[in-house]
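What follows is coords-v9.cif (mmCIF, C-alpha atoms and all ligand atoms).
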data_input
#
loop_
_atom_site.label_atom_id
_atom_site.label_comp_id
_atom_site.auth_asym_id
_atom_site.auth_seq_id
_atom_site.Cartn_x
_atom_site.Cartn_y
_atom_site.Cartn_z
CA MET G 1 1.66 11.63 61.52
CA GLY G 2 5.42 11.31 61.11
CA ILE G 3 7.20 12.80 58.13
CA ILE G 4 9.93 10.16 57.69
CA ARG G 5 9.65 7.64 54.87
CA LEU G 6 11.87 4.93 53.41
CA MET G 7 13.42 5.81 50.06
CA ASP G 8 12.61 3.56 47.11
CA GLU G 9 15.48 1.39 45.91
CA PRO G 10 16.53 3.32 42.79
CA LEU G 11 16.85 6.48 44.89
CA SER G 12 18.88 4.93 47.70
CA ASN G 13 21.09 3.19 45.10
CA LYS G 14 21.69 6.49 43.37
CA ILE G 15 22.86 7.99 46.65
CA SER G 16 25.31 5.20 47.46
CA ALA G 17 26.47 5.23 43.84
CA GLY G 18 28.19 8.49 44.76
CA GLU G 19 30.78 6.49 46.69
CA VAL G 20 31.07 3.35 44.59
CA VAL G 21 30.99 4.91 41.12
CA GLU G 22 33.22 7.91 41.22
CA ARG G 23 34.27 7.85 37.56
CA PRO G 24 34.39 5.51 34.52
CA THR G 25 37.42 3.74 35.99
CA SER G 26 35.43 2.73 39.08
CA VAL G 27 32.84 1.07 36.83
CA VAL G 28 35.55 -0.82 34.96
CA LYS G 29 37.10 -1.87 38.28
CA GLU G 30 33.86 -3.28 39.70
CA LEU G 31 32.92 -5.08 36.49
CA VAL G 32 36.35 -6.61 35.94
CA GLU G 33 36.38 -7.74 39.58
CA ASN G 34 33.07 -9.48 38.96
CA ALA G 35 34.49 -11.17 35.86
CA ILE G 36 37.53 -12.36 37.83
CA ASP G 37 35.36 -13.62 40.71
CA ALA G 38 33.31 -15.56 38.12
CA GLY G 39 36.45 -17.56 37.24
CA SER G 40 37.06 -16.01 33.79
CA THR G 41 40.24 -16.78 31.87
CA ALA G 42 39.69 -14.09 29.22
CA ILE G 43 38.30 -10.60 29.87
CA GLU G 44 37.74 -7.90 27.28
CA VAL G 45 37.14 -4.25 28.13
CA LEU G 46 35.80 -2.02 25.35
CA LEU G 47 35.57 1.72 25.93
CA VAL G 48 34.08 4.47 23.83
CA GLU G 49 35.21 7.98 24.73
CA ALA G 50 37.13 6.79 27.78
CA GLY G 51 33.99 5.04 29.03
CA LEU G 52 31.77 8.10 29.25
CA THR G 53 29.84 7.01 26.16
CA SER G 54 30.05 3.28 26.84
CA ILE G 55 31.89 0.61 28.80
CA GLN G 56 31.54 -3.03 27.80
CA ILE G 57 33.05 -5.99 29.64
CA ILE G 58 32.94 -9.44 28.07
CA ASP G 59 34.02 -12.44 30.12
CA ASN G 60 34.01 -16.22 29.79
CA GLY G 61 33.22 -16.90 33.44
CA GLU G 62 30.50 -19.00 34.99
CA GLY G 63 27.64 -16.62 34.09
CA MET G 64 24.26 -16.38 35.86
CA ASP G 65 20.86 -17.98 35.55
CA ALA G 66 17.77 -15.85 34.87
CA ASP G 67 16.82 -15.32 38.53
CA ASP G 68 20.34 -14.27 39.53
CA ALA G 69 20.65 -11.98 36.51
CA LEU G 70 17.74 -9.93 37.88
CA LEU G 71 18.69 -10.22 41.53
CA SER G 72 22.27 -9.11 40.82
CA PHE G 73 21.00 -5.53 40.38
CA SER G 74 19.48 -5.40 43.86
CA ARG G 75 21.42 -3.69 46.59
CA HIS G 76 23.16 -6.07 49.05
CA ALA G 77 22.60 -8.98 46.66
CA THR G 78 25.72 -11.14 46.51
CA SER G 79 26.71 -14.76 45.97
CA LYS G 80 30.05 -14.15 47.71
CA ILE G 81 29.30 -13.93 51.41
CA ALA G 82 26.42 -15.37 53.39
CA ASN G 83 27.09 -14.47 57.03
CA GLU G 84 29.26 -12.44 59.38
CA HIS G 85 31.79 -15.23 59.62
CA ASP G 86 32.41 -14.97 55.86
CA LEU G 87 33.10 -11.26 56.18
CA PHE G 88 36.39 -12.08 57.90
CA ARG G 89 37.33 -14.77 55.38
CA ILE G 90 36.91 -12.94 52.10
CA ARG G 91 38.64 -14.64 49.19
CA THR G 92 36.78 -12.87 46.39
CA LEU G 93 37.35 -9.33 45.11
CA GLY G 94 33.69 -8.43 45.63
CA PHE G 95 31.53 -9.02 48.69
CA ARG G 96 29.49 -5.83 49.26
CA GLY G 97 26.77 -6.66 46.74
CA GLU G 98 26.30 -3.05 45.73
CA ALA G 99 28.32 -2.45 42.56
CA LEU G 100 25.74 -3.52 39.97
CA ALA G 101 22.91 -1.77 41.86
CA SER G 102 24.95 1.44 42.06
CA ILE G 103 26.17 1.37 38.46
CA ALA G 104 22.70 0.58 37.09
CA SER G 105 21.18 3.51 39.00
CA VAL G 106 23.34 6.07 37.17
CA SER G 107 23.47 4.59 33.65
CA LYS G 108 21.74 2.46 31.02
CA VAL G 109 22.74 -1.21 31.27
CA THR G 110 22.40 -4.13 28.88
CA LEU G 111 23.36 -7.54 30.22
CA HIS G 112 23.71 -10.83 28.39
CA THR G 113 24.63 -13.70 30.65
CA SER G 114 24.59 -17.47 30.46
CA ASN G 115 25.71 -20.29 32.70
CA GLY G 116 25.64 -22.65 29.72
CA ALA G 117 22.21 -24.08 30.59
CA SER G 118 20.10 -20.95 30.08
CA GLY G 119 20.72 -17.52 28.60
CA THR G 120 19.29 -14.22 29.80
CA PHE G 121 19.05 -10.70 28.42
CA VAL G 122 18.26 -7.80 30.75
CA LYS G 123 17.97 -4.07 30.12
CA MET G 124 17.89 -1.41 32.84
CA GLU G 125 17.62 2.36 32.76
CA GLY G 126 18.39 4.52 35.79
CA GLY G 127 18.03 1.48 38.04
CA ARG G 128 14.67 0.34 36.63
CA LEU G 129 14.12 -2.83 34.61
CA THR G 130 12.95 -2.03 31.08
CA GLU G 131 13.34 -5.36 29.27
CA GLN G 132 13.96 -9.01 30.08
CA ARG G 133 13.97 -12.09 27.86
CA ALA G 134 15.78 -15.32 27.11
CA GLY G 135 19.14 -14.82 25.39
CA SER G 136 22.16 -16.53 23.88
CA LEU G 137 23.74 -19.63 25.44
CA ARG G 138 27.36 -18.47 25.08
CA LYS G 139 28.74 -19.16 28.52
CA GLY G 140 29.87 -16.04 30.33
CA THR G 141 28.72 -12.48 30.78
CA ASP G 142 28.64 -9.48 28.48
CA ILE G 143 27.65 -6.28 30.24
CA LYS G 144 27.45 -2.85 28.64
CA ILE G 145 27.11 0.45 30.45
CA ASP G 146 25.86 3.29 28.25
CA GLN G 147 25.73 6.99 29.13
CA LEU G 148 27.24 6.80 32.58
CA PHE G 149 25.96 9.61 34.85
CA PHE G 150 23.21 10.53 32.33
CA ASN G 151 20.90 11.23 35.28
CA THR G 152 23.50 12.85 37.58
CA PRO G 153 24.57 15.91 35.56
CA ALA G 154 26.73 17.38 38.32
CA ARG G 155 28.89 14.23 38.41
CA LEU G 156 29.15 14.18 34.65
CA LYS G 157 30.36 17.75 34.59
CA TYR G 158 33.02 16.94 37.15
CA MET G 159 34.74 14.40 34.86
CA LYS G 160 38.22 15.45 33.80
CA THR G 161 39.35 15.32 30.19
CA LEU G 162 38.82 12.06 28.32
CA GLN G 163 42.58 11.57 28.30
CA THR G 164 42.76 11.74 32.12
CA GLU G 165 39.86 9.30 32.54
CA LEU G 166 41.41 6.91 30.02
CA GLY G 167 44.77 7.15 31.79
CA HIS G 168 43.18 5.98 35.05
CA THR G 169 41.57 3.00 33.35
CA ILE G 170 44.77 1.96 31.55
CA ASP G 171 46.59 2.12 34.88
CA LEU G 172 43.90 -0.04 36.47
CA LEU G 173 44.00 -2.68 33.71
CA ASN G 174 47.79 -2.82 33.97
CA ARG G 175 47.45 -3.71 37.66
CA PHE G 176 44.79 -6.35 37.01
CA ALA G 177 47.06 -7.90 34.37
CA LEU G 178 50.04 -7.95 36.77
CA SER G 179 47.97 -9.44 39.56
CA TYR G 180 46.28 -12.05 37.34
CA PRO G 181 48.88 -13.11 34.75
CA GLY G 182 46.79 -16.26 34.10
CA ILE G 183 43.94 -14.18 32.67
CA ALA G 184 44.11 -12.87 29.09
CA PHE G 185 43.12 -9.19 29.24
CA LYS G 186 42.30 -6.99 26.28
CA LEU G 187 41.59 -3.28 26.58
CA MET G 188 40.22 -1.45 23.53
CA HIS G 189 39.54 2.27 23.25
CA ASP G 190 37.50 3.68 20.35
CA GLY G 191 38.35 0.55 18.36
CA ARG G 192 42.08 0.62 19.12
CA VAL G 193 43.91 -2.04 21.17
CA ILE G 194 45.54 -0.38 24.20
CA LEU G 195 46.64 -3.43 26.17
CA GLN G 196 46.63 -7.12 25.40
CA THR G 197 48.08 -9.87 27.57
CA SER G 198 48.43 -13.56 26.78
CA GLY G 199 47.14 -15.11 29.98
CA SER G 200 50.19 -17.40 30.01
CA GLY G 201 50.53 -17.08 33.78
CA GLU G 202 54.01 -15.50 33.69
CA ILE G 203 54.30 -12.11 35.41
CA LYS G 204 57.48 -11.48 33.42
CA ARG G 205 55.52 -11.57 30.16
CA VAL G 206 52.96 -9.11 31.53
CA LEU G 207 55.81 -6.84 32.62
CA ALA G 208 57.06 -6.91 29.04
CA ASP G 209 53.54 -6.19 27.70
CA ILE G 210 53.23 -3.16 29.97
CA TYR G 211 56.72 -1.70 30.40
CA GLY G 212 58.46 -3.19 27.35
CA VAL G 213 60.90 -6.07 26.94
CA ALA G 214 63.99 -4.03 27.88
CA ILE G 215 62.56 -3.16 31.30
CA ALA G 216 61.17 -6.66 31.89
CA LYS G 217 64.68 -8.07 31.36
CA LYS G 218 65.90 -5.95 34.26
CA MET G 219 63.30 -7.17 36.73
CA ILE G 220 64.46 -9.75 39.27
CA PRO G 221 62.14 -12.29 40.90
CA PHE G 222 61.97 -12.46 44.70
CA GLU G 223 60.23 -14.58 47.28
CA GLY G 224 60.11 -14.69 51.07
CA GLN G 225 58.04 -16.07 53.88
CA SER G 226 57.43 -15.29 57.54
CA HIS G 227 55.12 -16.92 60.05
CA ASP G 228 51.97 -15.24 58.75
CA TYR G 229 52.80 -13.82 55.34
CA LYS G 230 54.27 -14.82 52.02
CA VAL G 231 55.66 -12.21 49.65
CA SER G 232 56.76 -12.62 46.04
CA GLY G 233 57.12 -10.60 42.89
CA TYR G 234 59.62 -8.71 40.77
CA ALA G 235 61.96 -5.85 41.64
CA SER G 236 63.86 -3.68 39.15
CA LEU G 237 67.65 -3.49 39.10
CA PRO G 238 68.86 -0.19 40.60
CA GLU G 239 69.85 1.08 37.15
CA ILE G 240 66.11 1.42 36.35
CA THR G 241 64.49 4.26 38.24
CA ARG G 242 61.29 6.24 38.12
CA ALA G 243 60.27 9.64 39.45
CA ASN G 244 57.34 8.44 41.58
CA LYS G 245 55.90 5.50 43.51
CA ASN G 246 53.25 4.82 40.89
CA TYR G 247 55.44 2.01 39.56
CA ILE G 248 55.29 0.13 42.85
CA SER G 249 52.26 -2.17 42.44
CA LEU G 250 50.98 -3.71 45.66
CA PHE G 251 48.61 -6.66 45.77
CA VAL G 252 47.18 -8.30 48.86
CA ASN G 253 45.64 -11.69 48.13
CA GLY G 254 45.17 -10.66 44.50
CA ARG G 255 43.65 -7.27 45.26
CA TRP G 256 45.41 -4.11 44.08
CA VAL G 257 45.74 -1.88 47.14
CA LYS G 258 47.13 1.54 47.90
CA HIS G 259 49.18 1.42 51.06
CA TYR G 260 51.55 4.25 51.80
CA ALA G 261 53.57 2.46 54.50
CA ILE G 262 54.19 -0.64 52.36
CA ALA G 263 55.25 1.43 49.34
CA ASN G 264 57.58 3.31 51.65
CA THR G 265 59.08 0.07 52.95
CA VAL G 266 59.75 -1.05 49.38
CA HIS G 267 61.51 2.23 48.68
CA LYS G 268 63.56 1.89 51.87
CA ALA G 269 64.69 -1.59 50.84
CA TYR G 270 66.52 0.14 47.97
CA HIS G 271 68.21 2.60 50.30
CA THR G 272 71.81 3.38 49.15
CA PHE G 273 71.13 1.53 45.88
CA LEU G 274 68.99 4.30 44.41
CA PRO G 275 69.41 8.05 44.51
CA LEU G 276 67.16 9.22 47.36
CA GLU G 277 64.51 10.89 45.25
CA ARG G 278 64.18 8.04 42.71
CA GLN G 279 61.81 5.06 42.90
CA PRO G 280 62.05 1.46 41.66
CA ILE G 281 59.57 -0.56 39.58
CA VAL G 282 58.24 -3.32 41.80
CA VAL G 283 55.41 -5.86 41.68
CA LEU G 284 54.75 -7.08 45.20
CA ASN G 285 52.26 -9.87 45.90
CA ILE G 286 51.41 -10.31 49.55
CA GLU G 287 49.57 -13.43 50.63
CA GLY G 288 48.19 -14.07 54.07
CA ASP G 289 45.15 -15.49 55.81
CA PRO G 290 42.19 -13.24 54.83
CA TYR G 291 41.54 -13.05 58.56
CA LEU G 292 44.58 -10.75 58.85
CA THR G 293 43.38 -8.34 56.18
CA ASP G 294 40.45 -5.97 56.55
CA VAL G 295 39.26 -4.63 53.20
CA ASN G 296 35.99 -3.34 54.53
CA VAL G 297 37.39 0.17 55.02
CA HIS G 298 35.92 2.04 52.05
CA PRO G 299 33.38 1.10 49.34
CA SER G 300 36.13 1.17 46.70
CA LYS G 301 37.94 -1.66 48.60
CA GLN G 302 41.33 -0.19 47.71
CA GLN G 303 42.35 0.63 51.25
CA ILE G 304 43.27 -2.15 53.57
CA ARG G 305 44.10 -2.64 57.22
CA LEU G 306 46.58 -5.34 58.06
CA SER G 307 47.25 -7.22 61.27
CA LYS G 308 50.85 -8.09 62.15
CA GLU G 309 51.99 -5.14 60.05
CA LYS G 310 55.44 -4.98 61.65
CA GLU G 311 56.18 -8.61 60.78
CA LEU G 312 55.05 -7.97 57.20
CA MET G 313 57.15 -4.81 56.80
CA GLU G 314 60.26 -6.60 58.02
CA LEU G 315 59.62 -9.48 55.64
CA ILE G 316 59.19 -7.12 52.67
CA HIS G 317 62.25 -5.08 53.53
CA GLU G 318 64.46 -8.09 54.13
CA THR G 319 63.31 -10.01 51.01
CA ILE G 320 63.68 -7.14 48.55
CA ARG G 321 66.94 -5.88 50.04
CA ARG G 322 68.49 -9.37 49.91
CA THR G 323 67.42 -9.74 46.27
CA ILE G 324 68.77 -6.36 45.20
CA SER G 325 72.04 -6.78 47.14
CA SER G 326 72.69 -10.10 45.43
CA VAL G 327 72.50 -8.68 41.90
CA ALA G 328 73.40 -5.01 42.17
CA ARG G 329 76.81 -3.47 41.75
CA ALA G 330 78.25 -1.49 44.66
CA PRO G 331 75.67 0.69 46.40
CA ILE G 332 75.44 4.33 45.52
CA ILE G 333 76.20 6.32 48.64
CA ASP G 334 74.21 9.52 48.95
CA LYS G 335 76.91 11.91 50.09
CA PRO G 336 75.69 14.46 52.63
CA LYS G 337 75.93 17.92 51.12
P1 LIG L 401 29.51 -8.36 44.66
O1 LIG L 401 30.53 -8.52 43.60
O2 LIG L 401 30.00 -7.56 45.82
O3 LIG L 401 28.86 -9.65 45.07
P2 LIG L 401 27.99 -6.98 42.57
O4 LIG L 401 26.88 -6.00 42.64
O5 LIG L 401 29.24 -6.56 41.90
O6 LIG L 401 28.30 -7.45 44.06
O7 LIG L 401 27.45 -8.31 41.88
C1 LIG L 401 26.32 -8.99 42.43
C2 LIG L 401 26.34 -10.47 42.08
O8 LIG L 401 26.11 -10.66 40.67
C3 LIG L 401 27.68 -11.17 42.35
O9 LIG L 401 27.77 -11.61 43.70
C4 LIG L 401 27.63 -12.33 41.35
O10 LIG L 401 26.92 -13.44 41.90
C5 LIG L 401 26.81 -11.78 40.20
N1 LIG L 401 27.68 -11.33 39.08
C6 LIG L 401 28.02 -10.05 38.79
N2 LIG L 401 28.82 -9.99 37.70
C7 LIG L 401 29.00 -11.26 37.28
C8 LIG L 401 29.74 -11.87 36.21
N3 LIG L 401 30.47 -11.13 35.35
N4 LIG L 401 29.67 -13.22 36.08
C9 LIG L 401 28.95 -13.96 36.94
N5 LIG L 401 28.24 -13.45 37.97
C10 LIG L 401 28.26 -12.12 38.15
MG MG L 402 31.29 -6.98 42.45
#
How does this structure look as structure tokens?
Ligand code: ADP
Ligand code: MG
Amino acid sequence: MGIIRLMDEPLSNKISAGEVVERPTSVVKELVENAIDAGSTAIEVLLVEAGLTSIQIIDNGEGMDADDALLSFSRHATSKIANEHDLFRIRTLGFRGEALASIASVSKVTLHTSNGASGTFVKMEGGRLTEQRAGSLRKGTDIKIDQLFFNTPARLKYMKTLQTELGHTIDLLNRFALSYPGIAFKLMHDGRVILQTSGSGEIKRVLADIYGVAIAKKMIPFEGQSHDYKVSGYASLPEITRANKNYISLFVNGRWVKHYAIANTVHKAYHTFLPLERQPIVVLNIEGDPYLTDVNVHPSKQQIRLSKEKELMELIHETIRRTISSVARAPIIDKPK
């Protein structure tokens, strides 16, 4: 007789959770993405001890019915793609159908959700259902993650200080707010408000909420278009500089991405306007046919592969450089030493 057997679902979920749920910030990211995909206009994130004790996300999106509320915790269960064709036309932030399954396998979850017609309450522990009943009819979803990594002690031990974990989550929420200025975000930590945006739809107001009014006043709007891509956003005047590229926020079709070459192109667009080692503050929204963008590179969906990259880089460089040249005083020339 063979010795191979199929793992049960909680076990296989726990294994893939290693990639999807690296730290509290990854949980916040997946849950906020779900809230955005559900069409929410207001999203609240409540953390206790940087999320290690609890993470709660309350949205006013479309909610789920009772069947979906249970199914949502199964691996590969998603309402966002149905076939291979859809995989190349992704317009939602989620599509892998594994976040809730992974998160639930390494924590204790309570979920209240309602689509307006019915309300459902579900409780899970370590990936297993422990309670299910009818619940409130408030439309939207309220999901709480308690004791993250309670059953994976090695991962728990690996967490950095609470301050470091919190810093990552604040950074993440700032990017969501910049990318979705039409959504009112509120981030609370241990009962204190850390970030609150109005949801007015103006990026400039979000810039003021995050970086302060004085900085926001020195951010210039830009816009450009090529055959396949559209870029828009805000770029700081050369008098504002930062020590690193962390202030260059890149979004591709609404998704915050990390892309070294694009960030570098943004920096190059400022060449001779900024001292070489300094960086600007930039919000860059890139829009293109989802067909041109491959986000299926890593479970965290933060890396992206782009087609027609050269065309895009030229567009970014040209658009930002034109904008900065039109408002800046004479370029600073870096004299060779
Ligand atoms: P994915 O987002 O990749 O589809 P998830 O595991 O994150 O996978 O979620 C599974 C499904 O649960 C989603 O496709 C969606 O239908 C539903 N869901 C999750 N969170 C919410 C929410 N906040 N509001 C409405 N539906 C949700
Ligand atoms: Mg998701």
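Of the listed residues G:Ser236, G:Ser72, G:Gln225, G:Thr265, the one whose atoms come nearest to ligand MG 402 (chain L) is G:Ser72, with distances taken using all atoms listed in the file.
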Give me the residues of chain G that have any atom at most 6 Å from an atom of ligand LIG 401 (chain L); for each, the nearest atom pair and the distance in Å, rounded to one decimal. Use all atoms listed in the file, sort by chain and number, and format it as CSV.
residue,atom,partner,partner_atom,distance
G:Asn34,CA,L:LIG401,N2,4.5
G:Ala35,CA,L:LIG401,N3,4.1
G:Ala38,CA,L:LIG401,N4,4.8
G:Gly61,CA,L:LIG401,N4,5.8
G:Glu62,CA,L:LIG401,C9,5.6
G:Gly63,CA,L:LIG401,C9,4.1
G:Met64,CA,L:LIG401,N5,5.4
G:Ser72,CA,L:LIG401,O8,4.1
G:Ala77,CA,L:LIG401,C1,5.6
G:Thr78,CA,L:LIG401,O9,3.5
G:Ser79,CA,L:LIG401,O9,4.0
G:Lys80,CA,L:LIG401,O9,5.3
G:Gly94,CA,L:LIG401,O1,3.8
G:Phe95,CA,L:LIG401,O2,3.6
G:Arg96,CA,L:LIG401,O2,3.9
G:Gly97,CA,L:LIG401,O6,3.2
G:Glu98,CA,L:LIG401,O4,4.3
G:Ala99,CA,L:LIG401,O4,3.8
G:Leu100,CA,L:LIG401,O4,3.8
G:Ala101,CA,L:LIG401,O4,5.9
G:Thr141,CA,L:LIG401,N3,5.1
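Take the candidates G:His168, G:Lys29, G:Lys230, G:Lys157 and check each one against ligand MG 402 (chain L) using all atoms listed in the file; the shortest distance goes to G:Lys29.
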| request: Would you mind listing what lies within 7 Å of G:Arg305 as JSON, numbers by chain, with all atoms listed in the file counted and same-chain residues fewer than 2 positions away left out? | output: {"G": [293, 294, 295, 307]}
| Distance of atom CA of G:Ile103 from atom CA of G:Tyr180, expressed in Å to one decimal place |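 Taking atom CA of G:Tyr180 and atom CA of G:Ile103, their separation equals 24.2 Å.
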| query | Pick from G:Gly127, G:His271, G:Glu277, G:Arg329: nearest to G:Lys245, with all atoms listed in the file counted? | reply |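 Distance minimum relative to G:Lys245 lands on G:Glu277.
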| message | For stretch 285-289 of chain G, find every residue with an atom within 7 Å (counting only C-alpha atoms), except residues of its own chain fewer than 5 positions away, and show them as a PyMOL selection string. | response | chain G and resi 228-233+250-253
| Can you find the residues with an atom no farther than 12 Å from (30.1, 10.3, 28.7), counting all atoms listed in the file, and report them as a ChimeraX atom specification? | /G:23-24,47-55,106-108,145-153,155-162,165-166
| If we count all atoms listed in the file, what is near G:Glu311 at a cut-off of 9 Å, once residues fewer than 2 positions away on the same chain are taken out, given as a list in words? | Ser226, His227, Asp228, Tyr229, Lys308, Glu309, Met313, Glu314, Leu315 and Ile316 of chain G
Create the file for the chosen residues now, containing C-alpha atoms and written as a PDB file, keeping the file's coordinate frame.
ATOM      1  CA  SER G 226      57.430 -15.290  57.540  1.00  0.00           C
ATOM      2  CA  HIS G 227      55.120 -16.920  60.050  1.00  0.00           C
ATOM      3  CA  ASP G 228      51.970 -15.240  58.750  1.00  0.00           C
ATOM      4  CA  TYR G 229      52.800 -13.820  55.340  1.00  0.00           C
ATOM      5  CA  LYS G 308      50.850  -8.090  62.150  1.00  0.00           C
ATOM      6  CA  GLU G 309      51.990  -5.140  60.050  1.00  0.00           C
ATOM      7  CA  MET G 313      57.150  -4.810  56.800  1.00  0.00           C
ATOM      8  CA  GLU G 314      60.260  -6.600  58.020  1.00  0.00           C
ATOM      9  CA  LEU G 315      59.620  -9.480  55.640  1.00  0.00           C
ATOM     10  CA  ILE G 316      59.190  -7.120  52.670  1.00  0.00           C
TER      11      ILE G 316
END
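In terms of minimum interatomic distance to G:Leu187, G:Thr169 ranks closest within G:Leu93, G:Phe88, G:Thr110, G:Thr169, counting only C-alpha atoms.
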| said: Counting all atoms listed in the file, which residue out of G:Asn13, G:Thr92, G:Gln302, G:Ser200 sits closest to G:Ala177? | reply: G:Ser200
| request: Would you please work out which residue, of G:Ala154, G:Val193, G:Ala117, G:Ala216, is nearest to G:Leu46 when using all atoms listed in the file? | output: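 Looking at the shortest contact to G:Leu46, the residue is G:Val193.
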| What is the distance, in Å and to one decimal place, between atom CA of G:Gly201 and atom CA of G:Thr41? |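 One can read the atom CA of G:Gly201 to atom CA of G:Thr41 distance as 10.5 Å.
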| Rounded to one decimal in Å, what is the spacing between atom CA of G:Leu274 and atom CA of G:Arg322? |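 A separation of 14.7 Å between them.
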| task | Determine, counting only C-alpha atoms, which protein, DNA and RNA residues have an atom within 10 Å of an atom of G:Gly182; residues of the same chain fewer than 3 positions away are not included. Present the result as a VMD selection string. | result | chain G and resid 40 to 42 177 to 179 185 197 to 203 206
Those same residues - C-alpha atoms - I'd like them written as a compact mmCIF listing (two decimals), in the frame of the given file.
# COMPACT_ATOMS: atom_id res chain seq x y z
CA SER G 40 37.06 -16.01 33.79
CA THR G 41 40.24 -16.78 31.87
CA ALA G 42 39.69 -14.09 29.22
CA ALA G 177 47.06 -7.90 34.37
CA LEU G 178 50.04 -7.95 36.77
CA SER G 179 47.97 -9.44 39.56
CA PHE G 185 43.12 -9.19 29.24
CA THR G 197 48.08 -9.87 27.57
CA SER G 198 48.43 -13.56 26.78
CA GLY G 199 47.14 -15.11 29.98
CA SER G 200 50.19 -17.40 30.01
CA GLY G 201 50.53 -17.08 33.78
CA GLU G 202 54.01 -15.50 33.69
CA ILE G 203 54.30 -12.11 35.41
CA VAL G 206 52.96 -9.11 31.53
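When the distance limit is 9 Å and all atoms listed in the file are what count, the residues near G:Arg278, minus those fewer than 5 positions from it on the same chain, are Thr241, Arg242, Ala243, Asn244, Lys245 and His267 of chain G.
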